[in-house]
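The file run-v2.txt comes next; it holds compact mmCIF, C-alpha atoms.
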# COMPACT_ATOMS: atom_id res chain seq x y z
CA MET A 282 -23.11 -21.52 -18.90
CA GLU A 283 -21.23 -18.27 -19.46
CA ASN A 284 -17.46 -18.32 -19.22
CA THR A 285 -16.04 -15.58 -17.01
CA TYR A 286 -12.78 -13.88 -17.96
CA HIS A 287 -10.79 -11.57 -15.72
CA VAL A 288 -9.05 -8.90 -17.71
CA GLY A 289 -5.90 -7.98 -15.76
CA MET A 290 -3.95 -4.77 -15.98
CA ALA A 291 -2.82 -4.11 -19.57
CA ASP A 292 -4.53 -7.31 -20.72
CA LEU A 293 -6.68 -7.66 -23.78
CA ILE A 294 -9.20 -10.49 -24.21
CA VAL A 295 -11.53 -11.22 -27.13
CA VAL A 296 -14.32 -13.77 -26.65
CA SER A 297 -17.32 -15.32 -28.37
CA SER A 298 -20.73 -15.24 -26.69
CA PRO A 299 -21.78 -16.39 -24.13
CA ALA A 300 -19.15 -14.85 -21.87
CA LYS A 301 -18.55 -12.36 -19.11
CA LEU A 302 -15.60 -9.98 -19.14
CA ILE A 303 -14.61 -8.54 -15.77
CA THR A 304 -12.10 -5.96 -14.61
CA LEU A 305 -11.70 -5.23 -10.90
CA GLY A 306 -10.93 -1.81 -9.50
CA LEU A 307 -10.20 0.47 -12.42
CA GLY A 308 -8.66 3.70 -11.15
CA SER A 309 -7.16 5.96 -13.79
CA CYS A 310 -7.17 3.00 -16.17
CA ILE A 311 -9.83 2.53 -18.83
CA GLY A 312 -12.01 -0.52 -19.32
CA LEU A 313 -12.66 -0.57 -23.07
CA VAL A 314 -15.29 -2.86 -24.56
CA ILE A 315 -15.85 -3.31 -28.28
CA PHE A 316 -18.60 -5.66 -29.44
CA ASP A 317 -20.38 -6.97 -32.52
CA SER A 318 -23.71 -8.34 -31.36
CA VAL A 319 -24.50 -9.93 -34.74
CA ALA A 320 -21.29 -11.97 -34.87
CA GLN A 321 -21.63 -12.44 -31.07
CA ILE A 322 -18.07 -11.34 -30.39
CA ALA A 323 -16.74 -8.95 -27.77
CA GLY A 324 -13.33 -7.75 -26.62
CA MET A 325 -12.15 -5.97 -23.51
CA ALA A 326 -8.90 -4.15 -22.84
CA HIS A 327 -7.60 -2.74 -19.56
CA ILE A 328 -5.78 0.37 -20.76
CA MET A 329 -3.22 1.99 -18.41
CA LEU A 330 -1.73 4.87 -20.36
CA PRO A 331 -2.61 7.00 -23.38
CA GLU A 332 0.34 6.77 -25.75
CA SER A 333 2.98 4.15 -26.45
CA ARG A 334 5.30 6.70 -28.11
CA GLY A 335 6.91 3.86 -30.00
CA ALA A 336 8.06 2.19 -26.80
CA ASN A 337 9.07 -1.44 -26.78
CA ILE A 338 5.70 -2.94 -26.00
CA GLU A 339 5.42 -6.04 -23.88
CA LYS A 340 1.66 -5.81 -23.52
CA ILE A 341 -0.30 -4.38 -26.38
CA GLY A 342 -3.31 -3.65 -24.15
CA LYS A 343 -1.29 -1.22 -22.03
CA PHE A 344 -1.69 1.88 -24.21
CA ALA A 345 -4.83 3.38 -25.73
CA ASP A 346 -3.18 3.91 -29.11
CA THR A 347 -2.15 0.25 -29.40
CA ALA A 348 -5.05 -1.42 -27.55
CA VAL A 349 -7.88 -0.01 -29.70
CA PRO A 350 -6.54 -1.29 -33.06
CA ALA A 351 -5.47 -4.57 -31.41
CA VAL A 352 -8.97 -5.33 -30.04
CA ILE A 353 -10.48 -4.53 -33.44
CA SER A 354 -8.10 -6.80 -35.38
CA GLU A 355 -8.46 -9.66 -32.86
CA MET A 356 -12.23 -9.40 -33.26
CA ILE A 357 -12.03 -9.39 -37.05
CA LYS A 358 -9.88 -12.54 -36.86
CA LYS A 359 -12.72 -14.19 -34.93
CA GLY A 360 -15.26 -13.18 -37.56
CA ALA A 361 -16.56 -9.80 -36.38
CA SER A 362 -17.29 -7.01 -38.83
CA LYS A 363 -15.74 -3.61 -38.22
CA THR A 364 -18.79 -1.77 -39.54
CA ARG A 365 -21.03 -3.37 -36.91
CA MET A 366 -18.66 -2.75 -33.99
CA LYS A 367 -19.75 -0.55 -31.11
CA ALA A 368 -17.78 0.55 -28.07
CA LYS A 369 -18.39 1.27 -24.40
CA ILE A 370 -15.82 2.68 -21.99
CA ALA A 371 -15.54 3.19 -18.23
CA GLY A 372 -12.80 4.43 -15.91
CA GLY A 373 -10.28 7.26 -16.17
CA ALA A 374 -10.78 8.53 -12.63
CA GLN A 375 -8.33 10.76 -10.80
CA MET A 376 -7.87 8.94 -7.52
CA PHE A 377 -5.98 11.66 -5.65
CA ALA A 378 -6.44 15.38 -6.09
CA LEU A 379 -3.43 17.32 -4.80
CA GLN A 380 -3.36 21.05 -4.51
CA GLY A 381 -0.21 22.93 -5.33
CA ALA A 382 1.67 20.03 -6.87
CA PRO A 383 2.30 19.28 -10.52
CA THR A 384 -0.46 16.78 -11.13
CA ASP A 385 0.29 15.81 -14.71
CA PHE A 386 0.91 12.23 -13.83
CA LEU A 387 -2.09 12.12 -11.50
CA ALA A 388 -4.35 13.42 -14.27
CA VAL A 389 -3.48 10.47 -16.47
CA GLY A 390 -7.13 9.33 -16.26
CA ALA A 391 -8.30 12.32 -18.28
CA ARG A 392 -5.60 11.73 -20.88
CA ASN A 393 -6.60 8.06 -21.09
CA ILE A 394 -10.23 9.01 -21.78
CA LYS A 395 -9.22 11.50 -24.46
CA GLU A 396 -6.83 9.17 -26.27
CA THR A 397 -9.25 6.21 -26.16
CA THR A 398 -12.15 8.20 -27.59
CA THR A 399 -9.86 9.75 -30.22
CA MET A 400 -8.61 6.33 -31.27
CA LEU A 401 -12.18 4.96 -31.49
CA ALA A 402 -13.21 7.91 -33.66
CA LYS A 403 -10.17 7.44 -35.87
CA GLU A 404 -11.11 3.78 -36.39
CA GLY A 405 -14.72 4.76 -37.08
CA ILE A 406 -16.12 2.82 -34.10
CA HIS A 407 -19.25 4.31 -32.59
CA LEU A 408 -18.88 4.97 -28.85
CA VAL A 409 -22.40 4.19 -27.62
CA ALA A 410 -21.95 4.65 -23.86
CA SER A 411 -19.38 5.79 -21.34
CA ASP A 412 -18.95 6.35 -17.63
CA THR A 413 -15.66 8.14 -17.09
CA GLY A 414 -13.81 10.62 -14.90
CA GLY A 415 -14.57 11.50 -11.30
CA HIS A 416 -12.56 10.43 -8.28
CA LYS A 417 -13.85 6.91 -7.64
CA GLY A 418 -12.60 3.53 -8.76
CA ARG A 419 -14.84 1.24 -10.81
CA THR A 420 -15.33 -2.50 -11.17
CA VAL A 421 -16.79 -3.35 -14.57
CA GLU A 422 -18.49 -6.42 -15.95
CA PHE A 423 -19.59 -6.89 -19.56
CA SER A 424 -22.13 -9.53 -20.50
CA THR A 425 -22.50 -10.83 -24.04
CA THR A 426 -26.07 -11.89 -23.33
CA THR A 427 -27.32 -8.37 -22.65
CA TRP A 428 -24.37 -6.44 -24.25
CA MET A 429 -24.53 -4.21 -21.20
CA LEU A 430 -21.60 -2.95 -19.15
CA ALA A 431 -22.33 -3.09 -15.40
CA ILE A 432 -20.32 -0.63 -13.31
CA LYS A 433 -19.86 -0.85 -9.57
CA THR A 434 -18.53 2.13 -7.64
CA LEU A 435 -17.96 2.17 -3.89
CA GLY A 436 -20.73 3.99 -2.08
CA GLN A 437 -22.61 4.67 -5.30
CA GLY A 438 -23.97 1.21 -6.08
CA LYS A 439 -24.30 -0.36 -9.47
CA THR A 440 -25.27 1.16 -12.83
CA GLU A 441 -25.56 -0.32 -16.29
CA ILE A 442 -24.64 1.39 -19.51
CA MET B 269 18.46 5.51 -17.66
CA LEU B 270 18.61 3.06 -14.80
CA ASP B 271 17.66 -0.43 -15.91
CA LEU B 272 15.44 -1.84 -13.18
CA SER B 273 15.63 -5.38 -14.51
CA SER B 274 19.36 -5.53 -13.72
CA PHE B 275 18.95 -4.61 -10.07
CA ASN B 276 21.05 -6.63 -7.67
CA ASN B 277 20.53 -7.71 -4.07
CA LEU B 278 23.07 -5.25 -2.68
CA GLN B 279 21.11 -2.41 -4.22
CA LEU B 280 17.80 -3.71 -2.91
CA ASP B 281 19.41 -4.07 0.54
CA ALA B 282 20.57 -0.48 0.43
CA ILE B 283 17.09 0.69 -0.49
CA ARG B 284 15.62 -1.44 2.28
CA GLU B 285 17.96 0.23 4.78
CA VAL B 286 16.81 3.64 3.61
CA GLY B 287 13.25 2.46 4.17
CA ASN B 288 14.24 1.34 7.64
CA ILE B 289 15.60 4.76 8.55
CA GLY B 290 12.50 6.46 7.21
CA THR B 291 10.17 4.10 9.02
CA GLY B 292 11.95 4.60 12.33
CA ASN B 293 11.43 8.32 12.12
CA ALA B 294 7.81 7.93 11.02
CA ALA B 295 7.11 5.57 13.93
CA THR B 296 8.61 8.04 16.41
CA ALA B 297 6.50 10.88 15.05
CA LEU B 298 3.33 8.79 15.12
CA SER B 299 4.09 7.62 18.62
CA LYS B 300 4.38 11.23 19.83
CA LEU B 301 1.19 12.22 18.03
CA LEU B 302 -0.91 9.39 19.43
CA SER B 303 0.96 9.00 22.74
CA CYS B 304 1.25 5.27 22.34
CA MET B 305 3.70 2.58 21.34
CA ILE B 306 4.26 2.05 17.65
CA GLY B 307 5.65 -1.21 16.39
CA MET B 308 7.38 -1.56 13.06
CA ASP B 309 8.56 -4.36 10.82
CA VAL B 310 11.75 -4.57 8.84
CA PRO B 311 10.82 -2.95 5.53
CA LYS B 312 10.73 -4.92 2.33
CA ALA B 313 12.21 -3.59 -0.87
CA ASP B 314 10.97 -5.41 -3.90
CA LEU B 315 11.24 -5.24 -7.60
CA VAL B 316 7.75 -6.08 -8.82
CA SER B 317 5.89 -6.23 -12.09
CA ILE B 318 3.58 -3.24 -12.42
CA TYR B 319 0.85 -5.55 -13.68
CA ASN B 320 0.29 -7.27 -10.37
CA ILE B 321 1.21 -4.74 -7.70
CA ALA B 322 -2.16 -5.13 -6.01
CA GLU B 323 -1.47 -8.82 -5.33
CA HIS B 324 1.25 -7.82 -2.87
CA TYR B 325 -1.26 -6.06 -0.65
CA GLY B 326 -4.43 -8.13 -0.74
CA ALA B 327 -7.60 -8.74 -2.70
CA PRO B 328 -8.11 -6.11 -5.42
CA ASP B 329 -11.57 -5.15 -4.20
CA THR B 330 -10.61 -4.70 -0.51
CA LEU B 331 -11.84 -1.37 0.82
CA ILE B 332 -8.92 0.77 1.90
CA ALA B 333 -8.09 4.33 2.86
CA ALA B 334 -4.99 6.05 1.54
CA VAL B 335 -3.01 9.26 1.91
CA PHE B 336 -0.85 10.27 -1.01
CA VAL B 337 1.94 12.87 -1.10
CA ARG B 338 4.43 13.86 -3.75
CA SER B 339 7.91 14.97 -2.87
CA LEU B 340 9.46 17.54 -5.12
CA GLY B 341 13.13 18.29 -5.25
CA GLU B 342 16.21 16.26 -5.92
CA PHE B 343 14.80 13.06 -4.48
CA GLY B 344 11.51 12.99 -6.37
CA CYS B 345 9.16 10.32 -5.16
CA SER B 346 5.60 9.43 -4.34
CA LEU B 347 4.61 8.18 -0.92
CA ILE B 348 1.41 6.41 0.00
CA PHE B 349 0.12 5.45 3.40
CA ILE B 350 -2.53 2.74 3.05
CA GLN B 351 -4.60 0.86 5.55
CA ASP B 352 -7.88 -0.99 5.86
CA GLU B 353 -10.81 1.37 6.14
CA GLU B 354 -11.67 -0.04 9.57
CA ASP B 355 -8.12 0.57 10.86
CA THR B 356 -8.31 4.16 9.66
CA ARG B 357 -11.49 4.68 11.59
CA LEU B 358 -9.89 3.31 14.77
CA MET B 359 -6.71 5.33 14.33
CA VAL B 360 -8.52 8.60 13.67
CA ASN B 361 -10.67 7.97 16.73
CA LEU B 362 -7.53 7.50 18.77
CA LEU B 363 -6.20 10.86 17.58
CA LEU B 364 -9.45 12.72 18.14
CA LYS B 365 -9.93 11.25 21.61
CA GLN B 366 -6.42 12.39 22.38
CA GLN B 367 -7.34 15.95 21.39
CA PHE B 368 -10.90 16.20 22.66
CA GLY B 369 -11.12 13.58 25.37
CA ASP B 370 -14.42 11.93 26.09
CA SER B 371 -16.40 14.98 25.01
CA LEU B 372 -15.91 13.80 21.42
CA PRO B 373 -19.25 13.47 19.64
CA GLY B 374 -19.84 10.12 18.01
CA ASP B 375 -21.14 11.32 14.67
CA LEU B 376 -18.43 13.54 13.25
CA PRO B 377 -18.81 14.52 9.61
CA GLN B 378 -16.73 12.54 7.09
CA GLU B 379 -14.81 15.67 6.02
CA MET B 380 -13.52 16.12 9.54
CA LEU B 381 -12.47 12.48 9.80
CA ASP B 382 -10.78 12.74 6.40
CA SER B 383 -8.96 15.85 7.42
CA ALA B 384 -7.69 14.17 10.59
CA PHE B 385 -6.64 11.13 8.55
CA ALA B 386 -4.85 13.34 6.02
CA GLU B 387 -2.96 14.96 8.87
CA VAL B 388 -1.87 11.68 10.43
CA GLY B 389 -0.85 10.38 7.01
CA ASN B 390 1.01 13.58 6.29
CA ILE B 391 2.96 13.39 9.55
CA ILE B 392 3.87 9.74 8.93
CA LEU B 393 4.96 10.31 5.35
CA SER B 394 6.83 13.56 5.86
CA SER B 395 8.73 12.16 8.85
CA PHE B 396 9.64 9.17 6.70
CA LEU B 397 10.90 11.47 3.96
CA ASN B 398 12.70 13.86 6.31
CA ALA B 399 14.88 11.06 7.59
CA ILE B 400 15.80 9.98 4.08
CA ASN B 401 16.62 13.48 2.94
CA LEU B 402 18.71 14.08 6.04
CA LEU B 403 20.64 10.94 5.20
CA LEU B 404 21.14 12.05 1.62
CA GLY B 405 21.87 15.61 2.64
CA ILE B 406 19.32 17.13 0.29
CA GLN B 407 16.37 19.48 0.53
CA HIS B 408 12.84 18.65 -0.39
CA GLN B 409 9.41 20.08 -0.63
CA ILE B 410 6.34 18.01 0.00
CA SER B 411 2.89 18.44 -1.54
CA VAL B 412 -0.30 18.73 0.48
CA PRO B 413 -1.76 15.29 1.15
CA GLY B 414 -4.54 13.78 -0.94
CA VAL B 415 -6.97 11.29 0.60
CA ALA B 416 -8.90 8.49 -1.10
CA HIS B 417 -11.22 5.76 0.13
CA ASP B 418 -11.55 3.11 -2.49
CA MET B 419 -10.81 -0.37 -3.77
CA LEU B 420 -7.21 -1.46 -3.33
CA ALA B 421 -6.77 -2.07 -7.05
CA SER B 422 -8.02 1.41 -7.98
CA ILE B 423 -5.63 3.11 -5.59
CA LEU B 424 -2.66 1.03 -6.69
CA ASP B 425 -3.55 1.92 -10.27
CA VAL B 426 -1.89 5.24 -9.51
CA VAL B 427 1.31 3.41 -8.61
CA ALA B 428 1.22 1.23 -11.70
CA THR B 429 0.67 4.28 -13.87
CA ILE B 430 3.63 6.19 -12.44
CA PHE B 431 6.00 3.33 -13.20
CA GLY B 432 4.17 2.24 -16.34
CA GLN B 433 5.33 5.38 -18.12
CA MET B 434 8.90 4.18 -17.74
CA GLY B 435 8.63 0.43 -18.14
CA GLU B 436 7.26 -2.78 -16.74
CA MET B 437 8.88 -2.92 -13.30
CA ALA B 438 8.55 -0.91 -10.11
CA VAL B 439 10.74 -0.63 -7.03
CA ILE B 440 8.52 -0.58 -3.99
CA VAL B 441 9.59 -0.12 -0.41
CA ASN B 442 6.90 -1.39 1.87
CA THR B 443 6.77 -1.30 5.63
CA GLU B 444 4.16 -1.97 8.26
CA LEU B 445 3.42 0.11 11.36
CA ARG B 446 1.39 -1.21 14.27
CA VAL B 447 -0.39 1.31 16.43
CA GLY B 448 -0.45 0.49 20.16
CA GLY B 449 -1.32 -2.99 21.32
CA VAL B 450 -4.53 -4.83 20.67
CA ASP B 451 -7.67 -3.20 22.06
CA ASN B 452 -10.30 -4.80 24.32
CA GLU B 453 -11.89 -6.56 21.39
CA GLY B 454 -8.58 -7.96 20.18
CA ARG B 455 -8.28 -5.60 17.23
CA LYS B 456 -4.99 -4.11 16.21
CA ILE B 457 -4.37 -1.16 13.97
CA THR B 458 -1.85 -1.52 11.17
CA GLY B 459 -0.90 0.60 8.20
CA ASN B 460 1.60 0.43 5.36
CA ILE B 461 4.00 3.06 4.12
CA VAL B 462 4.78 2.63 0.45
CA LEU B 463 7.69 4.54 -1.04
CA LEU B 464 7.84 4.87 -4.81
CA PRO B 465 11.03 6.59 -5.89
CA ASP B 466 11.08 8.14 -9.36
CA PRO B 467 13.69 6.49 -11.61
CA ASP B 468 16.00 9.55 -11.41
CA ALA B 469 15.66 9.60 -7.65
CA LEU B 470 16.49 5.93 -7.44
CA GLU B 471 19.67 6.54 -9.36
CA LEU B 472 20.59 9.42 -7.06
CA LEU B 473 19.87 7.30 -4.01
CA LEU B 474 22.05 4.44 -5.20
CA ARG B 475 24.90 6.79 -6.09
CA LYS B 476 24.80 8.50 -2.71
CA LEU B 477 24.85 5.12 -1.02
CA ARG B 478 27.73 4.07 -3.28
CA VAL B 479 26.05 0.99 -4.65
CA LEU B 480 25.87 2.16 -8.24
Could you write out this file's structure as structure tokens?
Amino acid sequence: MENTYHVGMADLIVVSSPAKLITLGLGSCIGLVIFDSVAQIAGMAHIMLPESRGANIEKIGKFADTAVPAVISEMIKKGASKTRMKAKIAGGAQMFALQGAPTDFLAVGARNIKETTTMLAKEGIHLVASDTGGHKGRTVEFSTTTWMLAIKTLGQGKTEI
Amino acid sequence: MLDLSSFNNLQLDAIREVGNIGTGNAATALSKLLSCMIGMDVPKADLVSIYNIAEHYGAPDTLIAAVFVRSLGEFGCSLIFIQDEEDTRLMVNLLLKQQFGDSLPGDLPQEMLDSAFAEVGNIILSSFLNAINLLLGIQHQISVPGVAHDMLASILDVVATIFGQMGEMAVIVNTELRVGGVDNEGRKITGNIVLLPDPDALELLLRKLRVL
């Protein structure tokens, strides 16, 4: 029987197979999955914002620049190998598009995508699949039996990456 | 900067009262627009953790419709009007029937329904804001409304993100409006106005109300 884990906002969970990692309703947030299918270990983070800027961090999964290294080191502690790690990401939508207003803070989704992919590249983790951007929220579910990330979007059904 | 974790009850009461004044004005405007009675609750002002905002409104995957506006000016804030998708459909129908009578075709395109919804939301939110700014004696400028239909959690992500840049807590003023009575099938239409003052604006508000 697979254990199911709900990854809440700014949470970070690392599990051994068999398990399911679920995040409901990602808007501008990013659902980041890193996995090592040989060691049978996977981690998911629900990233809210791109950069911690040295802030006093209560939840390490909150920022892209702290979540990526944290997932990797948690996985290594459980026996994963960094060289085998692969990543998948989903999310980073812009929920509201406003005309004629400064939309910096509404475009946080795009900045989240950029910072997450930059951090993965910096750590040398291969990003094998992604489903990002747009204007729709996503519910994501990662299975360590298939190593696939299922993405549900309202009105657009379900896809797997 | 204002430390949200040290907020006291007097301050939350003051914010709640501001919400009350805004809601009253919004209810009046909506009542004129739809030519029906609008009921309102006493607003709630809460200090909540940004990590579980969605829990205050319902299941994270509930389908909802939302109108979002940004207010620029001295009292910078974000305002969201949210309601169940089904309630939005009923409310928009009410508005369109009002305008077009029974000649209203049943299969209007989604863009037209969205545009009507954006307008209702805009009227509710700008009336809410007008009352507050009148109280504070300041000018404001409001953005055009943005509409989204999505999962509750995804829409409230926007809220969490706005406050997340500053810290772990958010001040949320939440109030419910009830449109008309119940219809023949016992349904009632409700919607929530959510006011999210920027931290600077919150400080200004509390100073003007002399509770800071």
How many Å lie between CA of Val412 (chain B) and CA of Asn460 (chain B), rounded to one decimal? 19.0 Å
Would you place a box with edges along x, y and z of the file around all atoms of region 304-315 of chain B listed there, add 3 Å to each of its six sides, and report the centre and edge lengths in Å to one decimal, as lines of an AutoDock Vina configuration file?
center_x = 6.7
center_y = -0.1
center_z = 7.4
size_x = 17.0
size_y = 16.7
size_z = 35.9
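With distances restricted to all atoms listed in the file, B:Val426 is the closest residue to chain A from B:Ala438, B:Leu463, B:Val426, B:Leu473.
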Residues of chain A within 6 Å of chain B, counting all atoms listed in the file, as a ChimeraX atom specification: /A:290,306-308,377-379,382,418
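Using only C-alpha atoms for every distance, the candidate list B:Gln279, B:Ser274, B:Gln366, B:Gln407 yields B:Gln279 as the residue closest to Arg478 (chain B).
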Of A:Val314, A:Met366, A:Met325, A:Met376, the one sitting nearest Ser411 (chain A) when using all atoms listed in the file is A:Val314
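You will find CA of Thr440 (chain A) at 17.7 Å from CA of Leu408 (chain A).
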